[in-house]
$ cat run-v6.cif   # mmCIF, N, CA and C atoms, pLDDT in the B column; chains and numbers go by the auth columns
data_entry
#
loop_
_atom_site.group_PDB
_atom_site.id
_atom_site.type_symbol
_atom_site.label_atom_id
_atom_site.label_comp_id
_atom_site.label_asym_id
_atom_site.label_seq_id
_atom_site.Cartn_x
_atom_site.Cartn_y
_atom_site.Cartn_z
_atom_site.B_iso_or_equiv
_atom_site.auth_seq_id
_atom_site.auth_asym_id
ATOM 1 N N MET A 1 113.027 111.913 90.215 57.00 65 A
ATOM 2 C CA MET A 1 112.989 112.220 91.634 57.00 65 A
ATOM 3 C C MET A 1 111.576 112.588 92.071 57.00 65 A
ATOM 4 N N GLN A 2 110.901 113.420 91.287 75.00 66 A
ATOM 5 C CA GLN A 2 109.557 113.852 91.656 75.00 66 A
ATOM 6 C C GLN A 2 108.576 112.687 91.664 75.00 66 A
ATOM 7 N N ASN A 3 108.712 111.742 90.715 78.00 67 A
ATOM 8 C CA ASN A 3 107.813 110.599 90.663 78.00 67 A
ATOM 9 C C ASN A 3 107.965 109.716 91.898 78.00 67 A
ATOM 10 N N LYS A 4 109.194 109.557 92.385 74.00 68 A
ATOM 11 C CA LYS A 4 109.428 108.749 93.577 74.00 68 A
ATOM 12 C C LYS A 4 108.803 109.399 94.806 74.00 68 A
ATOM 13 N N ASN A 5 108.907 110.726 94.902 78.00 69 A
ATOM 14 C CA ASN A 5 108.287 111.428 96.019 78.00 69 A
ATOM 15 C C ASN A 5 106.771 111.283 95.969 78.00 69 A
ATOM 16 N N LEU A 6 106.211 111.423 94.787 85.00 70 A
ATOM 17 C CA LEU A 6 104.767 111.287 94.631 85.00 70 A
ATOM 18 C C LEU A 6 104.308 109.874 94.981 85.00 70 A
ATOM 19 N N LEU A 7 105.045 108.865 94.520 85.00 71 A
ATOM 20 C CA LEU A 7 104.712 107.482 94.844 85.00 71 A
ATOM 21 C C LEU A 7 104.803 107.239 96.345 85.00 71 A
ATOM 22 N N GLY A 8 105.791 107.802 96.993 80.00 72 A
ATOM 23 C CA GLY A 8 105.931 107.667 98.441 80.00 72 A
ATOM 24 C C GLY A 8 104.754 108.276 99.184 80.00 72 A
ATOM 25 N N TYR A 9 104.355 109.471 98.779 82.00 73 A
ATOM 26 C CA TYR A 9 103.192 110.115 99.406 82.00 73 A
ATOM 27 C C TYR A 9 101.920 109.318 99.170 82.00 73 A
ATOM 28 N N VAL A 10 101.748 108.797 97.965 87.00 74 A
ATOM 29 C CA VAL A 10 100.558 108.014 97.648 87.00 74 A
ATOM 30 C C VAL A 10 100.505 106.745 98.498 87.00 74 A
ATOM 31 N N LEU A 11 101.633 106.060 98.670 83.00 75 A
ATOM 32 C CA LEU A 11 101.656 104.848 99.485 83.00 75 A
ATOM 33 C C LEU A 11 101.341 105.138 100.947 83.00 75 A
ATOM 34 N N ILE A 12 101.851 106.247 101.464 81.00 76 A
ATOM 35 C CA ILE A 12 101.574 106.608 102.850 81.00 76 A
ATOM 36 C C ILE A 12 100.097 106.942 103.030 81.00 76 A
ATOM 37 N N VAL A 13 99.536 107.709 102.100 84.00 77 A
ATOM 38 C CA VAL A 13 98.121 108.076 102.197 84.00 77 A
ATOM 39 C C VAL A 13 97.240 106.838 102.060 84.00 77 A
ATOM 40 N N LEU A 14 97.585 105.920 101.158 86.00 78 A
ATOM 41 C CA LEU A 14 96.806 104.697 100.998 86.00 78 A
ATOM 42 C C LEU A 14 96.852 103.829 102.257 86.00 78 A
ATOM 43 N N SER A 15 98.016 103.746 102.885 82.00 79 A
ATOM 44 C CA SER A 15 98.110 102.927 104.095 82.00 79 A
ATOM 45 C C SER A 15 97.295 103.536 105.233 82.00 79 A
ATOM 46 N N PHE A 16 97.330 104.854 105.370 79.00 80 A
ATOM 47 C CA PHE A 16 96.512 105.487 106.394 79.00 80 A
ATOM 48 C C PHE A 16 95.024 105.339 106.084 79.00 80 A
ATOM 49 N N GLY A 17 94.655 105.476 104.820 82.00 81 A
ATOM 50 C CA GLY A 17 93.257 105.315 104.439 82.00 81 A
ATOM 51 C C GLY A 17 92.750 103.908 104.698 82.00 81 A
ATOM 52 N N ALA A 18 93.554 102.922 104.377 80.00 82 A
ATOM 53 C CA ALA A 18 93.154 101.538 104.625 80.00 82 A
ATOM 54 C C ALA A 18 93.068 101.259 106.125 80.00 82 A
ATOM 55 N N ALA A 19 93.969 101.814 106.903 75.00 83 A
ATOM 56 C CA ALA A 19 93.927 101.611 108.350 75.00 83 A
ATOM 57 C C ALA A 19 92.674 102.247 108.957 75.00 83 A
ATOM 58 N N ILE A 20 92.336 103.433 108.497 76.00 84 A
ATOM 59 C CA ILE A 20 91.128 104.096 108.996 76.00 84 A
ATOM 60 C C ILE A 20 89.891 103.303 108.597 76.00 84 A
ATOM 61 N N TYR A 21 89.859 102.800 107.368 79.00 85 A
ATOM 62 C CA TYR A 21 88.722 101.992 106.927 79.00 85 A
ATOM 63 C C TYR A 21 88.574 100.735 107.782 79.00 85 A
ATOM 64 N N LEU A 22 89.687 100.068 108.055 72.00 86 A
ATOM 65 C CA LEU A 22 89.620 98.848 108.860 72.00 86 A
ATOM 66 C C LEU A 22 89.211 99.140 110.303 72.00 86 A
ATOM 67 N N LEU A 23 89.588 100.298 110.810 67.00 87 A
ATOM 68 C CA LEU A 23 89.188 100.652 112.166 67.00 87 A
ATOM 69 C C LEU A 23 87.703 101.008 112.243 67.00 87 A
ATOM 70 N N CYS A 24 87.176 101.649 111.213 73.00 88 A
ATOM 71 C CA CYS A 24 85.775 102.094 111.235 73.00 88 A
ATOM 72 C C CYS A 24 84.800 100.998 110.830 73.00 88 A
ATOM 73 N N SER A 25 85.192 100.110 109.957 72.00 89 A
ATOM 74 C CA SER A 25 84.292 99.073 109.467 72.00 89 A
ATOM 75 C C SER A 25 84.378 97.849 110.364 72.00 89 A
ATOM 76 N N GLN A 26 83.285 97.516 111.001 68.00 90 A
ATOM 77 C CA GLN A 26 83.277 96.382 111.918 68.00 90 A
ATOM 78 C C GLN A 26 83.241 95.055 111.177 68.00 90 A
ATOM 79 N N LYS A 27 82.717 95.023 109.973 71.00 91 A
ATOM 80 C CA LYS A 27 82.571 93.778 109.219 71.00 91 A
ATOM 81 C C LYS A 27 83.687 93.564 108.191 71.00 91 A
ATOM 82 N N ALA A 28 84.669 94.446 108.131 70.00 92 A
ATOM 83 C CA ALA A 28 85.701 94.350 107.102 70.00 92 A
ATOM 84 C C ALA A 28 86.562 93.097 107.262 70.00 92 A
ATOM 85 N N LEU A 29 86.850 92.705 108.485 67.00 93 A
ATOM 86 C CA LEU A 29 87.709 91.551 108.731 67.00 93 A
ATOM 87 C C LEU A 29 86.943 90.272 109.042 67.00 93 A
ATOM 88 N N MET A 30 85.626 90.372 109.130 69.00 94 A
ATOM 89 C CA MET A 30 84.823 89.202 109.482 69.00 94 A
ATOM 90 C C MET A 30 84.087 88.700 108.242 69.00 94 A
ATOM 91 N N PRO A 31 84.403 87.494 107.767 67.00 95 A
ATOM 92 C CA PRO A 31 83.695 86.959 106.602 67.00 95 A
ATOM 93 C C PRO A 31 82.244 86.632 106.935 67.00 95 A
ATOM 94 N N ALA A 32 81.426 86.548 105.922 72.00 96 A
ATOM 95 C CA ALA A 32 80.005 86.266 106.122 72.00 96 A
ATOM 96 C C ALA A 32 79.825 84.868 106.725 72.00 96 A
ATOM 97 N N GLY A 33 78.923 84.749 107.667 71.00 97 A
ATOM 98 C CA GLY A 33 78.646 83.468 108.297 71.00 97 A
ATOM 99 C C GLY A 33 79.441 83.211 109.559 71.00 97 A
ATOM 100 N N TYR A 34 80.393 84.065 109.875 65.00 98 A
ATOM 101 C CA TYR A 34 81.217 83.880 111.071 65.00 98 A
ATOM 102 C C TYR A 34 80.991 85.036 112.050 65.00 98 A
ATOM 103 N N ASP A 35 79.739 85.382 112.285 62.00 99 A
ATOM 104 C CA ASP A 35 79.443 86.516 113.157 62.00 99 A
ATOM 105 C C ASP A 35 79.926 86.289 114.583 62.00 99 A
ATOM 106 N N LEU A 36 79.838 85.066 115.061 63.00 100 A
ATOM 107 C CA LEU A 36 80.264 84.780 116.428 63.00 100 A
ATOM 108 C C LEU A 36 81.603 84.041 116.477 63.00 100 A
ATOM 109 N N GLY A 37 82.175 83.766 115.321 61.00 101 A
ATOM 110 C CA GLY A 37 83.401 82.978 115.286 61.00 101 A
ATOM 111 C C GLY A 37 84.656 83.828 115.251 61.00 101 A
ATOM 112 N N VAL A 38 85.128 84.218 116.409 64.00 102 A
ATOM 113 C CA VAL A 38 86.385 84.959 116.494 64.00 102 A
ATOM 114 C C VAL A 38 87.450 83.916 116.806 64.00 102 A
ATOM 115 N N ASP A 39 88.110 83.448 115.777 67.00 103 A
ATOM 116 C CA ASP A 39 89.080 82.370 115.949 67.00 103 A
ATOM 117 C C ASP A 39 90.416 82.758 115.329 67.00 103 A
ATOM 118 N N GLY A 40 91.259 81.802 115.150 61.00 104 A
ATOM 119 C CA GLY A 40 92.587 82.050 114.609 61.00 104 A
ATOM 120 C C GLY A 40 92.586 82.602 113.209 61.00 104 A
ATOM 121 N N TYR A 41 91.579 82.246 112.421 63.00 105 A
ATOM 122 C CA TYR A 41 91.495 82.760 111.056 63.00 105 A
ATOM 123 C C TYR A 41 91.357 84.273 111.059 63.00 105 A
ATOM 124 N N LEU A 42 90.508 84.781 111.911 70.00 106 A
ATOM 125 C CA LEU A 42 90.283 86.214 111.982 70.00 106 A
ATOM 126 C C LEU A 42 91.522 86.944 112.497 70.00 106 A
ATOM 127 N N VAL A 43 92.163 86.378 113.488 75.00 107 A
ATOM 128 C CA VAL A 43 93.369 86.989 114.042 75.00 107 A
ATOM 129 C C VAL A 43 94.490 86.988 113.006 75.00 107 A
ATOM 130 N N ALA A 44 94.657 85.868 112.291 67.00 108 A
ATOM 131 C CA ALA A 44 95.703 85.794 111.268 67.00 108 A
ATOM 132 C C ALA A 44 95.435 86.784 110.139 67.00 108 A
ATOM 133 N N ARG A 45 94.183 86.920 109.761 73.00 109 A
ATOM 134 C CA ARG A 45 93.844 87.857 108.686 73.00 109 A
ATOM 135 C C ARG A 45 94.108 89.297 109.129 73.00 109 A
ATOM 136 N N ALA A 46 93.803 89.609 110.369 77.00 110 A
ATOM 137 C CA ALA A 46 94.076 90.948 110.888 77.00 110 A
ATOM 138 C C ALA A 46 95.578 91.222 110.925 77.00 110 A
ATOM 139 N N LEU A 47 96.358 90.230 111.315 80.00 111 A
ATOM 140 C CA LEU A 47 97.813 90.406 111.337 80.00 111 A
ATOM 141 C C LEU A 47 98.387 90.590 109.946 80.00 111 A
ATOM 142 N N ILE A 48 97.822 89.920 108.964 77.00 112 A
ATOM 143 C CA ILE A 48 98.277 90.099 107.581 77.00 112 A
ATOM 144 C C ILE A 48 97.992 91.513 107.112 77.00 112 A
ATOM 145 N N PHE A 49 96.788 92.014 107.419 80.00 113 A
ATOM 146 C CA PHE A 49 96.468 93.393 107.044 80.00 113 A
ATOM 147 C C PHE A 49 97.417 94.373 107.710 80.00 113 A
ATOM 148 N N LEU A 50 97.704 94.158 108.982 85.00 114 A
ATOM 149 C CA LEU A 50 98.628 95.051 109.683 85.00 114 A
ATOM 150 C C LEU A 50 100.022 95.013 109.072 85.00 114 A
ATOM 151 N N PHE A 51 100.488 93.830 108.702 84.00 115 A
ATOM 152 C CA PHE A 51 101.806 93.727 108.093 84.00 115 A
ATOM 153 C C PHE A 51 101.839 94.426 106.739 84.00 115 A
ATOM 154 N N ILE A 52 100.793 94.266 105.939 84.00 116 A
ATOM 155 C CA ILE A 52 100.749 94.928 104.638 84.00 116 A
ATOM 156 C C ILE A 52 100.745 96.445 104.802 84.00 116 A
ATOM 157 N N LEU A 53 99.972 96.950 105.738 85.00 117 A
ATOM 158 C CA LEU A 53 99.950 98.387 105.976 85.00 117 A
ATOM 159 C C LEU A 53 101.316 98.890 106.441 85.00 117 A
ATOM 160 N N TYR A 54 101.961 98.131 107.325 88.00 118 A
ATOM 161 C CA TYR A 54 103.286 98.520 107.805 88.00 118 A
ATOM 162 C C TYR A 54 104.303 98.511 106.662 88.00 118 A
ATOM 163 N N ALA A 55 104.261 97.487 105.832 85.00 119 A
ATOM 164 C CA ALA A 55 105.211 97.391 104.723 85.00 119 A
ATOM 165 C C ALA A 55 105.007 98.520 103.713 85.00 119 A
ATOM 166 N N LEU A 56 103.763 98.853 103.402 85.00 120 A
ATOM 167 C CA LEU A 56 103.499 99.959 102.477 85.00 120 A
ATOM 168 C C LEU A 56 103.994 101.278 103.050 85.00 120 A
ATOM 169 N N PHE A 57 103.754 101.495 104.324 86.00 121 A
ATOM 170 C CA PHE A 57 104.191 102.726 104.949 86.00 121 A
ATOM 171 C C PHE A 57 105.719 102.831 104.963 86.00 121 A
ATOM 172 N N LYS A 58 106.387 101.750 105.326 86.00 122 A
ATOM 173 C CA LYS A 58 107.855 101.782 105.357 86.00 122 A
ATOM 174 C C LYS A 58 108.444 101.967 103.968 86.00 122 A
ATOM 175 N N PHE A 59 107.830 101.343 102.939 85.00 123 A
ATOM 176 C CA PHE A 59 108.313 101.513 101.569 85.00 123 A
ATOM 177 C C PHE A 59 108.114 102.953 101.111 85.00 123 A
ATOM 178 N N GLY A 60 106.987 103.532 101.436 85.00 124 A
ATOM 179 C CA GLY A 60 106.759 104.940 101.093 85.00 124 A
ATOM 180 C C GLY A 60 107.733 105.854 101.805 85.00 124 A
ATOM 181 N N TYR A 61 107.998 105.595 103.067 86.00 125 A
ATOM 182 C CA TYR A 61 108.959 106.394 103.817 86.00 125 A
ATOM 183 C C TYR A 61 110.368 106.243 103.235 86.00 125 A
ATOM 184 N N PHE A 62 110.715 105.025 102.820 84.00 126 A
ATOM 185 C CA PHE A 62 112.015 104.787 102.199 84.00 126 A
ATOM 186 C C PHE A 62 112.161 105.593 100.911 84.00 126 A
ATOM 187 N N LEU A 63 111.115 105.615 100.106 82.00 127 A
ATOM 188 C CA LEU A 63 111.178 106.375 98.860 82.00 127 A
ATOM 189 C C LEU A 63 111.283 107.870 99.112 82.00 127 A
ATOM 190 N N LEU A 64 110.677 108.347 100.181 84.00 128 A
ATOM 191 C CA LEU A 64 110.743 109.769 100.483 84.00 128 A
ATOM 192 C C LEU A 64 112.100 110.187 101.036 84.00 128 A
ATOM 193 N N THR A 65 112.737 109.334 101.799 85.00 129 A
ATOM 194 C CA THR A 65 114.002 109.699 102.431 85.00 129 A
ATOM 195 C C THR A 65 115.219 109.248 101.654 85.00 129 A
ATOM 196 N N LYS A 66 115.039 108.536 100.557 78.00 130 A
ATOM 197 C CA LYS A 66 116.160 108.045 99.768 78.00 130 A
ATOM 198 C C LYS A 66 116.845 109.211 99.069 78.00 130 A
ATOM 199 N N LYS A 67 118.143 109.253 99.173 69.00 131 A
ATOM 200 C CA LYS A 67 118.946 110.282 98.523 69.00 131 A
ATOM 201 C C LYS A 67 119.515 109.737 97.219 69.00 131 A
ATOM 202 N N ASP A 68 119.365 110.499 96.159 63.00 132 A
ATOM 203 C CA ASP A 68 119.903 110.061 94.851 63.00 132 A
ATOM 204 C C ASP A 68 121.341 110.451 94.692 63.00 132 A
#
$ encode --input "run-v6.cif" --output "structure tokens"
Amino acid sequence: MQNKNLLGYVLIVLSFGAAIYLLCSQKALMPAGYDLGVDGYLVARALIFLFILYALFKFGYFLLTKKD
């Protein structure tokens, strides 16, 4: 039980940390050579990151609220 709670907290903290990093870093989602190219590739990559962060957060929340 304790390991599941710890894993849940770690996943939530990691998702928040990654979200803060992506918000603060302007070049994190832009590959080299595409400084002016804001196209579908960049938007799709941003959506993938958002989905991964959402999935990690929901999985961590599930582990925290799961009753044995």
$ resolve_selection --input "run-v6.cif" --expression "the PyMOL selection byres (((chain A and resi 81-88 and name CA) around 12) and name CA)" --output "JSON, numbers by chain"
{"A": [74, 75, 76, 77, 78, 79, 80, 89, 90, 91, 92, 93, 94, 109, 110, 113, 114, 115, 116, 117, 118, 120, 121]}
$ atom_distance --input "run-v6.cif" --atom1 "atom CA of Phe126 of chain A" --atom2 "atom CA of Leu70 of chain A"
12.3 Å
$ atom_distance --input "run-v6.cif" --atom1 "atom CA of Leu71 of chain A" --atom2 "atom N of Ile112 of chain A"
23.6 Å
$ atom_distance --input "run-v6.cif" --atom1 "atom CA of Asn69 of chain A" --atom2 "atom CA of Tyr125 of chain A"
9.3 Å
$ resolve_selection --input "run-v6.cif" --expression "the PyMOL selection byres ((chain A and resi 128) around 7)" --output "ChimeraX atom specification"
/A:68-69,72-73,123-127,129-131
$ axis_aligned_box --input "run-v6.cif" --around "segment 116-132 of chain A" --padding-each-side "5 Å" --output "AutoDock Vina command-line options"
--center_x 110.6 --center_y 102.4 --center_z 101.2 --size_x 31.4 --size_y 26.2 --size_z 23.1
